Amino acid sequence: MTPPPLRCLRCDRPTGSFDGCRSCAAEGIGVNAMPPLADLNGVDLTRYPGGPWGLPTALPMAGAPVTLGEGNTPNIRLRTDPDSGQQADSAGELWLKYEGGNPTGSHKDRAMAVGVAAAVAAGADTVVAASSGNAGAAAAAYAARAGLRCVVFTNETVPAGLRAQIDALGAERVVHPGSALERNEAMGRAVAERGWYPLTSFSVPSPGGNPYANEGYKSVAYELARDFAGRRIDAVVVPTSRADLLGGIGRGFRELTAAGLLASAPRLVAAEPAAAAPFTAALRHPDRAEQERTRVASGPTVAFSLGEERPCWQGLDALWRSGGTAVALDDEAILAEHRRLAAEGLVLEPSSAVASAVAWDLVRRPGVLVVAMGTATGLKGLVG
């Protein structure tokens with residue numbers, strides 16, 4: 001079965017490639033082309049088993065699933081009064097959806113399970129990803145599961161634990177000495193010249209990752225709607241770089257509300273490091289045309305897997321539709337939250353801790369329920 005056509009999220013032009021809408025790119029705006037939203041009418045969420053493959057009709061292609069048991073990650077209630085170790089009566093509820101519980105330890109498993117299955121359906125023999133770590137590890141794992149060759153373009157700053165994970169899973173790791181931009185350009189040449197199937201973003205301006213793979217992130221919204229059934233989630237806070245996860249969660253909530261499975265979608269909040277915060281900068285502009293064309297200087301940060309110079313349009317779209325916002329925090333605040341989470345028994349990478357660090361200001365009053373996405377375990381950074 002041929003997957004449904006991809007259309008630009010912004011201008012609705014059709015495209016048959018994975019490098020986003022070139023018409024919008026000519027305006028300096030990175031926009032992903034996505035398949036149509038799924039129709040969830042008739043779905044019984046109480047019977048949804050979780051994960052991307054729990055609702056196979058919500059995915060844009062047919063074929064055998066590629067799975068390692070991803071999804072169904074735990075929701076952990078965080079202390080709202082860290083000093084006493086108790087829940088504060090004067091505050092709302094803050095929950096962490098711990099994506100470190102996925103097979104390779106990050107949310108990327110949801111996307112790579114679907115992306116690799118799409119590669120198999122397309123007849124690919126080699127998949128390729130450009131990654132600072134977690135996407136490469138997930139790509140390697142799911143490619144191995146499907147019996148495909150995997151090539152991962154990385155740089156010299158990838159933590160030793162993540163390098164070891166990628167190597168152990170049998171991927172070919174290509175270390176590019178240049179910037180992330182140069183690394184992605186090298187991957188793009190490999191895609192064009194060798195016909196390798198791309199699982200991550202590689203074009204400039206970046207539109208976001210493989211659109212079929214990104215549909216795997218919708219399962220986060222499905223799980224939250226199921227797990228918090230009968231309760232209103234006020235906001236979901238998402239660590240954001242190219243906004244693949246943010247956009248996917250937003251699409252999932254749109255499908256749920258369209259089918260009447262959810263009365264209203266939560267507000268989405270993009271959490272960013274201050275050293276690389278294009279969404280926060282964009283939303284300071286009153287005009288959407290200015291927001292789309294925002295550029296910032298992207299500097300080094302402890303949240304090493306986050307950081308872009310431009311806001312991917314798919315993220316802006318998700319924030320606009322949900323009445324959301326973006327918040328940036330400096331490295332000191334991110335590391336403080338990293339330590340605070342460890343005091344609760346949770347070791348997350350700093351790029352994940354930025355979400356709950358941002359979320360604290362959203363639960364200052366009682367009756368509010370906020371979910372922060374804990375995107376990856378920090379245990380990989382302790383290895384090496």
# chains A, B, ... in the order shown; residues from 1 in each chain; ligands from 1
$ residues_around --residues "Trp320 of chain A" --least-positions-apart "6" --cutoff "10 Å" --atoms "only C-alpha atoms" --output "JSON, numbers by chain"
{"A": [267, 268, 283, 288, 314]}
$ write_last_selection --atoms "all heavy atoms" --output "mmCIF file, in the first residue's frame"
data_model
loop_
_atom_site.group_PDB
_atom_site.id
_atom_site.type_symbol
_atom_site.label_atom_id
_atom_site.label_comp_id
_atom_site.auth_asym_id
_atom_site.auth_seq_id
_atom_site.Cartn_x
_atom_site.Cartn_y
_atom_site.Cartn_z
ATOM 1 N N ARG A 267 -2.816 23.241 26.496
ATOM 2 C CA ARG A 267 -1.897 24.236 25.952
ATOM 3 C C ARG A 267 -0.511 23.606 25.874
ATOM 4 O O ARG A 267 -0.083 22.906 26.798
ATOM 5 C CB ARG A 267 -1.873 25.451 26.895
ATOM 6 C CG ARG A 267 -1.104 26.637 26.367
ATOM 7 C CD ARG A 267 -1.443 27.888 27.164
ATOM 8 N NE ARG A 267 -1.068 27.770 28.547
ATOM 9 C CZ ARG A 267 -0.070 28.450 29.132
ATOM 10 N NH1 ARG A 267 0.641 29.298 28.433
ATOM 11 N NH2 ARG A 267 0.193 28.299 30.406
ATOM 12 N N LEU A 268 0.190 23.829 24.782
ATOM 13 C CA LEU A 268 1.540 23.308 24.617
ATOM 14 C C LEU A 268 2.550 24.408 24.918
ATOM 15 O O LEU A 268 2.341 25.568 24.566
ATOM 16 C CB LEU A 268 1.745 22.774 23.201
ATOM 17 C CG LEU A 268 0.837 21.607 22.797
ATOM 18 C CD1 LEU A 268 1.109 21.188 21.353
ATOM 19 C CD2 LEU A 268 1.006 20.425 23.735
ATOM 20 N N LEU A 283 8.121 34.242 19.472
ATOM 21 C CA LEU A 283 6.831 34.616 20.050
ATOM 22 C C LEU A 283 6.840 35.993 20.709
ATOM 23 O O LEU A 283 5.795 36.488 21.125
ATOM 24 C CB LEU A 283 6.367 33.541 21.031
ATOM 25 C CG LEU A 283 6.037 32.187 20.398
ATOM 26 C CD1 LEU A 283 5.550 31.200 21.451
ATOM 27 C CD2 LEU A 283 5.004 32.325 19.291
ATOM 28 N N ARG A 288 2.769 37.103 13.016
ATOM 29 C CA ARG A 288 3.175 35.737 12.701
ATOM 30 C C ARG A 288 4.195 35.675 11.576
ATOM 31 O O ARG A 288 5.057 34.785 11.553
ATOM 32 C CB ARG A 288 1.958 34.874 12.362
ATOM 33 C CG ARG A 288 1.117 34.529 13.588
ATOM 34 C CD ARG A 288 0.055 33.493 13.268
ATOM 35 N NE ARG A 288 -0.666 33.113 14.482
ATOM 36 C CZ ARG A 288 -1.622 32.189 14.523
ATOM 37 N NH1 ARG A 288 -1.980 31.547 13.406
ATOM 38 N NH2 ARG A 288 -2.235 31.904 15.648
ATOM 39 N N GLN A 314 6.523 23.711 12.058
ATOM 40 C CA GLN A 314 5.628 22.741 12.679
ATOM 41 C C GLN A 314 5.456 23.026 14.174
ATOM 42 O O GLN A 314 4.385 22.797 14.742
ATOM 43 C CB GLN A 314 6.134 21.315 12.466
ATOM 44 C CG GLN A 314 7.494 21.019 13.087
ATOM 45 C CD GLN A 314 8.007 19.630 12.758
ATOM 46 O OE1 GLN A 314 7.354 18.866 12.042
ATOM 47 N NE2 GLN A 314 9.171 19.269 13.285
#
$ residues_around --residues "segment 249-265 of chain A" --least-positions-apart "3" --cutoff "7 Å" --atoms "only C-alpha atoms" --output "list in words"
Leu37, Ala38, Asp39, Leu40, Asn41, Tyr217, Lys218, Ser219, Val220, Ala221, Tyr222, Leu245, Leu246, Ala318 and Ser322 of chain A
$ select_by_dssp --residues "segment 284-348 of chain A" --states "alpha helix (DSSP H)" --output "list in words"
Arg288, Ala289, Glu290, Gln291, Glu292, Trp313, Gln314, Gly315, Leu316, Asp317, Ala318, Leu319, Trp320, Arg321, Ser322, Asp331, Glu332, Ala333, Ile334, Leu335, Ala336, Glu337, His338, Arg339, Arg340, Leu341, Ala342 and Ala343 of chain A
$ select_by_dssp --residues "segment 135-172 of chain A" --states "strand (DSSP E or B)" --output "VMD selection string"
chain A and resid 149 to 154 172
$ closest_residue --among "A:Pro286, A:Gly381, A:Gly315, A:Pro14" --to "Gly208 of chain A" --atoms "only C-alpha atoms"
A:Gly315
$ closest_residue --among "A:Gly178, A:Pro205, A:Pro198, A:Gly161" --to "Ala129 of chain A" --atoms "only C-alpha atoms"
A:Pro198
$ residues_around --residues "Val175 of chain A" --least-positions-apart "4" --cutoff "9 Å" --atoms "only C-alpha atoms" --output "PyMOL selection string"
chain A and resi 152-156+183
$ residues_around --residues "Gly307 of chain A" --least-positions-apart "3" --cutoff "9 Å" --atoms "only C-alpha atoms" --output "JSON list (two decimals) with N, CA and C atoms, in the first residue's frame"
[["chain", "number", "residue", "atom", "x", "y", "z"],
["A", 240, "THR", "N", 12.28, 21.44, 23.31],
["A", 240, "THR", "CA", 12.07, 21.69, 21.89],
["A", 240, "THR", "C", 13.34, 22.16, 21.20],
["A", 241, "SER", "N", 13.60, 21.51, 20.06],
["A", 241, "SER", "CA", 14.67, 21.92, 19.16],
["A", 241, "SER", "C", 14.06, 22.15, 17.78],
["A", 242, "ARG", "N", 13.89, 21.06, 17.01],
["A", 242, "ARG", "CA", 13.21, 21.18, 15.71],
["A", 242, "ARG", "C", 11.72, 20.92, 15.83],
["A", 272, "GLU", "N", 13.04, 25.65, 26.19],
["A", 272, "GLU", "CA", 14.29, 25.79, 25.45],
["A", 272, "GLU", "C", 15.42, 26.26, 26.36],
["A", 273, "PRO", "N", 16.66, 25.94, 26.00],
["A", 273, "PRO", "CA", 17.80, 26.58, 26.68],
["A", 273, "PRO", "C", 17.98, 28.00, 26.16],
["A", 275, "ALA", "N", 20.49, 29.66, 25.53],
["A", 275, "ALA", "CA", 21.55, 29.83, 24.54],
["A", 275, "ALA", "C", 21.10, 29.50, 23.12],
["A", 276, "ALA", "N", 19.94, 28.88, 22.98],
["A", 276, "ALA", "CA", 19.44, 28.50, 21.66],
["A", 276, "ALA", "C", 17.92, 28.43, 21.73],
["A", 277, "ALA", "N", 17.27, 29.58, 21.66],
["A", 277, "ALA", "CA", 15.83, 29.65, 21.95],
["A", 277, "ALA", "C", 15.07, 30.39, 20.86],
["A", 278, "PRO", "N", 14.97, 29.82, 19.66],
["A", 278, "PRO", "CA", 14.29, 30.54, 18.58],
["A", 278, "PRO", "C", 12.78, 30.68, 18.77],
["A", 298, "SER", "N", 22.80, 30.64, 17.96],
["A", 298, "SER", "CA", 22.70, 29.40, 18.73],
["A", 298, "SER", "C", 24.05, 29.09, 19.35],
["A", 299, "GLY", "N", 24.13, 29.10, 20.68],
["A", 299, "GLY", "CA", 25.38, 28.87, 21.37],
["A", 299, "GLY", "C", 25.40, 27.56, 22.12],
["A", 300, "PRO", "N", 26.53, 27.21, 22.72],
["A", 300, "PRO", "CA", 26.64, 25.95, 23.47],
["A", 300, "PRO", "C", 25.78, 26.00, 24.74],
["A", 301, "THR", "N", 25.29, 24.84, 25.14],
["A", 301, "THR", "CA", 24.44, 24.73, 26.32],
["A", 301, "THR", "C", 24.56, 23.34, 26.91],
["A", 303, "ALA", "N", 22.17, 21.63, 27.73],
["A", 303, "ALA", "CA", 21.09, 20.88, 27.07],
["A", 303, "ALA", "C", 21.54, 20.59, 25.64],
["A", 304, "PHE", "N", 22.53, 19.70, 25.51],
["A", 304, "PHE", "CA", 23.30, 19.57, 24.28],
["A", 304, "PHE", "C", 22.47, 19.07, 23.09]]
$ closest_residue --among "A:Ala111, A:Ala117, A:Val371, A:Leu94" --to "Arg77 of chain A" --atoms "only C-alpha atoms"
A:Leu94
$ residues_around --residues "Met373 of chain A" --least-positions-apart "5" --cutoff "6 Å" --atoms "only C-alpha atoms" --output "ChimeraX atom specification"
/A:96-97,238
$ closest_atom_pairs --of "segment 19-70 of chain A" --to "segment 6-12 of chain A" --cutoff "9 Å" --atoms "only C-alpha atoms" --output "CSV"
residue,atom,partner,partner_atom,distance
A:Gly20,CA,A:Cys8,CA,7.3
A:Cys21,CA,A:Cys8,CA,5.8
A:Ser23,CA,A:Cys11,CA,8.5
A:Cys24,CA,A:Cys11,CA,7.6
A:Val31,CA,A:Leu9,CA,6.7
A:Asn32,CA,A:Cys8,CA,6.0
A:Ala33,CA,A:Cys8,CA,4.0
A:Met34,CA,A:Leu6,CA,4.8
A:Pro35,CA,A:Leu6,CA,4.7
A:Pro36,CA,A:Leu6,CA,7.6
$ closest_residue --among "A:Val120, A:Val354, A:Val66, A:Val158" --to "Ala141 of chain A" --atoms "only C-alpha atoms"
A:Val66
$ atom_distance --atom1 "atom CA of Ile233 of chain A" --atom2 "atom CA of Leu369 of chain A"
5.3 Å
$ residues_around --residues "Lys108 of chain A" --least-positions-apart "2" --cutoff "12 Å" --atoms "only C-alpha atoms" --output "PyMOL selection string"
chain A and resi 52+70-71+99-106+110-116+129+131-142+199-200+209-210+213-217+220+244-245+248+305+374-377
$ residues_around --residues "segment 346-350 of chain A" --least-positions-apart "5" --cutoff "7 Å" --atoms "only C-alpha atoms" --output "compact mmCIF listing (two decimals) with C-alpha atoms, in the first residue's frame"
# COMPACT_ATOMS: atom_id res chain seq x y z
CA VAL A 302 24.30 21.89 28.84
CA ALA A 303 21.09 20.88 27.07
CA ILE A 334 18.52 23.63 33.96
CA LEU A 335 21.30 22.06 36.03
CA HIS A 338 18.64 18.18 36.91
CA LEU A 341 15.03 15.48 39.84
CA ALA A 376 15.53 10.91 27.89
CA THR A 377 17.39 9.16 30.65
CA GLY A 378 20.57 10.78 31.88
CA LEU A 379 22.24 7.44 32.56
$ closest_residue --among "A:Ala355, A:Val236, A:Leu224, A:Leu162" --to "Leu45 of chain A" --atoms "only C-alpha atoms"
A:Leu224
